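Have a look at target_24.cif below; it lists mmCIF, C-alpha atoms.
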data_coords
#
loop_
_atom_site.label_atom_id
_atom_site.label_comp_id
_atom_site.auth_asym_id
_atom_site.auth_seq_id
_atom_site.Cartn_x
_atom_site.Cartn_y
_atom_site.Cartn_z
CA MET A 27 -32.41 28.52 -1.87
CA MET A 28 -29.61 29.66 -4.22
CA ARG A 29 -27.03 27.99 -1.98
CA ARG A 30 -28.92 24.70 -2.17
CA ALA A 31 -29.16 24.89 -5.97
CA LEU A 32 -25.42 25.55 -6.23
CA GLY A 33 -24.74 22.56 -3.97
CA VAL A 34 -26.88 20.28 -6.10
CA MET A 35 -25.18 21.53 -9.27
CA ALA A 36 -21.72 20.96 -7.77
CA LEU A 37 -22.68 17.42 -6.78
CA ALA A 38 -24.00 16.76 -10.30
CA VAL A 39 -20.70 17.93 -11.80
CA VAL A 40 -18.74 15.65 -9.46
CA LEU A 41 -20.95 12.65 -10.21
CA ALA A 42 -20.81 13.31 -13.96
CA GLY A 43 -17.04 13.00 -13.76
CA CYS A 44 -17.34 9.48 -12.40
CA GLY A 45 -17.01 7.03 -15.26
CA ASP A 46 -16.14 3.40 -15.76
CA ASP A 47 -12.39 3.97 -15.34
CA ASP A 48 -11.28 1.67 -12.53
CA THR A 49 -7.76 3.07 -12.34
CA VAL A 50 -6.97 4.45 -8.90
CA GLY A 51 -6.64 8.21 -8.77
CA ASP A 52 -7.31 11.49 -7.00
CA ASP A 53 -4.95 10.86 -4.07
CA GLU A 54 -6.57 7.57 -3.05
CA THR A 55 -5.04 5.70 -0.12
CA PHE A 56 -4.90 1.99 0.73
CA SER A 57 -3.53 0.67 4.03
CA THR A 58 -2.96 -2.48 6.05
CA SER A 59 -1.71 -3.77 9.37
CA LEU A 60 1.11 -6.25 8.91
CA GLU A 61 1.16 -9.46 10.92
CA GLY A 62 4.06 -11.82 11.39
CA THR A 63 3.70 -15.23 9.76
CA GLU A 64 4.23 -18.56 11.52
CA GLY A 65 7.49 -18.42 13.44
CA TRP A 66 7.56 -14.62 13.14
CA GLU A 67 4.53 -13.80 15.31
CA GLN A 68 6.46 -11.08 17.20
CA LEU A 69 6.63 -9.00 14.01
CA SER A 70 4.03 -6.31 13.40
CA GLY A 71 3.73 -3.16 11.39
CA SER A 72 1.75 -1.13 8.92
CA ALA A 73 1.89 -0.14 5.28
CA THR A 74 0.23 2.55 3.21
CA VAL A 75 -0.05 2.93 -0.54
CA ARG A 76 -1.09 6.28 -1.97
CA TRP A 77 -1.69 7.22 -5.57
CA VAL A 78 -1.06 10.91 -6.09
CA GLU A 79 -2.95 12.68 -8.86
CA GLY A 80 -0.66 13.82 -11.65
CA THR A 81 1.90 11.04 -11.18
CA THR A 82 2.48 7.86 -13.18
CA GLY A 83 2.80 5.59 -10.15
CA PHE A 84 2.17 5.43 -6.43
CA LEU A 85 3.90 6.08 -3.13
CA ALA A 86 4.25 3.28 -0.58
CA ASN A 87 5.55 3.33 2.95
CA ILE A 88 6.06 0.60 5.50
CA GLU A 89 7.00 0.35 9.18
CA ILE A 90 7.82 -2.82 11.09
CA GLU A 91 8.79 -3.64 14.66
CA GLY A 92 9.60 -6.78 16.60
CA ASP A 93 12.16 -8.03 14.08
CA GLU A 94 15.70 -9.11 14.80
CA PRO A 95 18.24 -6.26 15.04
CA ASP A 96 20.43 -5.28 12.10
CA GLN A 97 18.61 -7.18 9.37
CA VAL A 98 17.92 -6.28 5.73
CA ARG A 99 14.38 -7.24 4.66
CA PRO A 100 13.02 -6.83 1.12
CA TRP A 101 9.36 -5.81 0.89
CA HIS A 102 6.92 -5.22 -1.95
CA VAL A 103 3.32 -4.52 -2.86
CA HIS A 104 1.96 -7.63 -4.60
CA PHE A 105 -1.14 -8.46 -6.62
CA GLY A 106 -3.62 -10.76 -4.83
CA THR A 107 -3.99 -11.39 -1.12
CA CYS A 108 -1.70 -12.79 1.56
CA GLU A 109 -3.52 -16.10 1.12
CA THR A 110 -3.26 -16.28 -2.69
CA GLY A 111 0.05 -14.51 -3.24
CA GLY A 112 0.83 -12.79 -6.50
CA ALA A 113 3.39 -10.97 -8.59
CA ILE A 114 5.17 -7.82 -7.44
CA VAL A 115 3.47 -4.58 -8.50
CA GLY A 116 5.97 -2.51 -10.46
CA PRO A 117 9.74 -2.90 -10.73
CA PRO A 118 11.23 -4.71 -7.68
CA GLY A 119 14.07 -2.18 -7.66
CA ASP A 120 11.60 0.61 -6.82
CA TYR A 121 11.32 -0.78 -3.26
CA PRO A 122 14.30 0.03 -1.00
CA ALA A 123 14.93 -2.73 1.55
CA LEU A 124 13.96 -2.36 5.18
CA GLU A 125 17.03 -2.13 7.42
CA THR A 126 16.25 -2.88 11.06
CA ASP A 127 17.94 -0.90 13.80
CA GLY A 128 19.26 -2.28 17.09
CA SER A 129 15.73 -2.63 18.45
CA GLY A 130 14.31 -4.47 15.41
CA ARG A 131 12.43 -1.50 13.96
CA ALA A 132 12.58 -0.30 10.36
CA ASP A 133 10.75 1.88 7.89
CA ALA A 134 11.04 2.57 4.20
CA ASN A 135 9.40 4.64 1.49
CA ALA A 136 9.06 3.79 -2.19
CA THR A 137 7.95 5.56 -5.33
CA VAL A 138 6.68 2.80 -7.60
CA ASP A 139 6.22 3.21 -11.35
CA ALA A 140 2.97 1.25 -11.79
CA GLU A 141 -0.76 1.92 -11.91
CA LEU A 142 -3.25 0.36 -9.52
CA ASP A 143 -6.74 -0.92 -10.32
CA ARG A 144 -9.33 -0.29 -7.60
CA ASP A 145 -11.07 -3.59 -8.45
CA ALA A 146 -7.93 -5.68 -7.92
CA ASP A 147 -6.65 -7.15 -4.65
CA TYR A 148 -3.23 -6.12 -3.34
CA HIS A 149 -1.12 -7.06 -0.36
CA VAL A 150 2.20 -6.05 1.17
CA ASN A 151 4.71 -8.59 2.35
CA VAL A 152 8.11 -8.61 3.99
CA HIS A 153 10.56 -11.26 2.80
CA LEU A 154 13.21 -13.00 4.91
CA SER A 155 16.09 -11.86 2.69
CA GLU A 156 17.12 -11.04 -0.87
CA ASP A 157 18.39 -14.62 -1.14
CA ASP A 158 15.15 -16.08 0.25
CA LEU A 159 12.25 -14.14 -1.25
CA ASP A 160 10.02 -17.23 -0.98
CA THR A 161 9.96 -16.95 2.82
CA ILE A 162 7.41 -14.33 3.85
CA ILE A 163 7.84 -13.14 7.45
CA ALA A 164 5.00 -10.58 7.55
CA CYS A 165 2.00 -9.79 5.38
CA GLY A 166 -1.12 -7.64 5.22
CA ASP A 167 -3.95 -7.24 2.70
CA LEU A 168 -4.41 -3.66 1.49
CA GLU A 169 -7.85 -2.10 1.82
CA GLU A 170 -8.98 1.24 0.43
CA ASP A 171 -9.29 3.91 3.11
CA GLU A 172 -12.57 5.77 3.34
CA PRO A 173 -12.24 9.14 1.62
CA ILE A 174 -12.40 12.25 3.76
CA VAL A 175 -15.12 14.53 2.46
CA GLU A 176 -14.57 18.23 3.07
CA PHE A 177 -17.25 20.87 2.62
#

Would you mind giving the structure from this file in structure tokens?
Amino acid sequence: MMRRALGVMALAVVLAGCGDDDTVGDDETFSTSLEGTEGWEQLSGSATVRWVEGTTGFLANIEIEGDEPDQVRPWHVHFGTCETGGAIVGPPGDYPALETDGSGRADANATVDAELDRDADYHVNVHLSEDDLDTIIACGDLEEDEPIVEF
């Protein structure tokens, strides 16, 4: 009986801490599968965005495969969806370019100085080149991962 009462009290404390703040926090993770756009259908990959409690920004990582060998591809997290497009989240210089190897694979990690809002839409895209940021060769809409509850 005491154990049950303690469990109910712990749950009440957790729920009391939930307010109207929509800023992402507490090590929340968002992820997506990247798909190649028209003419780039062979491209695929994945991206993950993770806000780490106690930081002022978020961590992002990306992996792609099926690209041409030895290419440099800019990538960013953007506001909005792949369909709507949107501005880059955070400073563009926070995202190191993808550099494909001889088999067309690449990965990159970024620490981005920007906050996320759980009620906003975000997507990740891969651009053709630094000189042609308007051409998107892969994209994926980020979705919040289900939290893992540990007891």

Quiz item: Neighbours of region 84-91 of chain A within 6 Å (all atoms listed in the file; same-chain residues fewer than 3 positions away dropped), as a list of chain:residue names?
Solution: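 The contact residues come out as A:Leu69, A:Ser70, A:Gly71, A:Ser72, A:Ala73, A:Thr74, A:Val75, A:Arg76, A:Trp77, A:Gly130, A:Arg131, A:Ala132, A:Asp133, A:Ala134, A:Asn135, A:Ala136, A:Thr137, A:Val138.
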
Quiz prompt | Coordinates-based distance that separates CA of Tyr148 (chain A) from CA of His102 (chain A) (Å, one decimal) | solution =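 It comes out at 10.3 Å.
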
Quiz prompt | Given the PyMOL selection byres ((chain A and resi 78-82) around 7), the residues it picks as a ChimeraX atom specification | solution = /A:51-53,76-77,83-84,139-141

For those residues, write C-alpha atoms to a file as a JSON list (two decimals), in the coordinates of the input.
[["chain", "number", "residue", "atom", "x", "y", "z"],
["A", 51, "GLY", "CA", -6.64, 8.21, -8.77],
["A", 52, "ASP", "CA", -7.31, 11.49, -7.00],
["A", 53, "ASP", "CA", -4.95, 10.86, -4.07],
["A", 76, "ARG", "CA", -1.09, 6.28, -1.97],
["A", 77, "TRP", "CA", -1.69, 7.22, -5.57],
["A", 83, "GLY", "CA", 2.80, 5.59, -10.15],
["A", 84, "PHE", "CA", 2.17, 5.43, -6.43],
["A", 139, "ASP", "CA", 6.22, 3.21, -11.35],
["A", 140, "ALA", "CA", 2.97, 1.25, -11.79],
["A", 141, "GLU", "CA", -0.76, 1.92, -11.91]]

Quiz prompt | Reference answer for the PyMOL selection byres ((chain A and resi 169) around 12), as a PyMOL selection string | solution = chain A and resi 54-59+72-76+106-107+144-150+166-168+170-172

Quiz prompt | Of the listed residues A:Trp66, A:Ser129, A:Trp101, A:Asp96, that which approaches His153 (chain A) most closely, counting all atoms listed in the file | solution =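 Result for the nearest residue to His153 (chain A): A:Trp101.
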
Quiz item: If you apply the PyMOL selection byres ((chain A and resi 100) around 12) to this file, what residues do you get, as a VMD selection string?
Solution: chain A and resid 88 90 97 to 99 101 to 103 114 118 to 126 132 to 134 136 150 to 164

Exercise. Go ahead and compute the interatomic distance for CA of Glu64 (chain A) and CA of Ala113 (chain A), in Å to one decimal.
Key: 21.5 Å

Practice problem: Rank nothing, just name the residue among A:Gly128, A:Cys108, A:Glu94, A:Leu142 nearest to Gln68 (chain A), using all atoms listed in the file. | Solution: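 Answer, going by the shortest atom-to-atom distance: A:Glu94.
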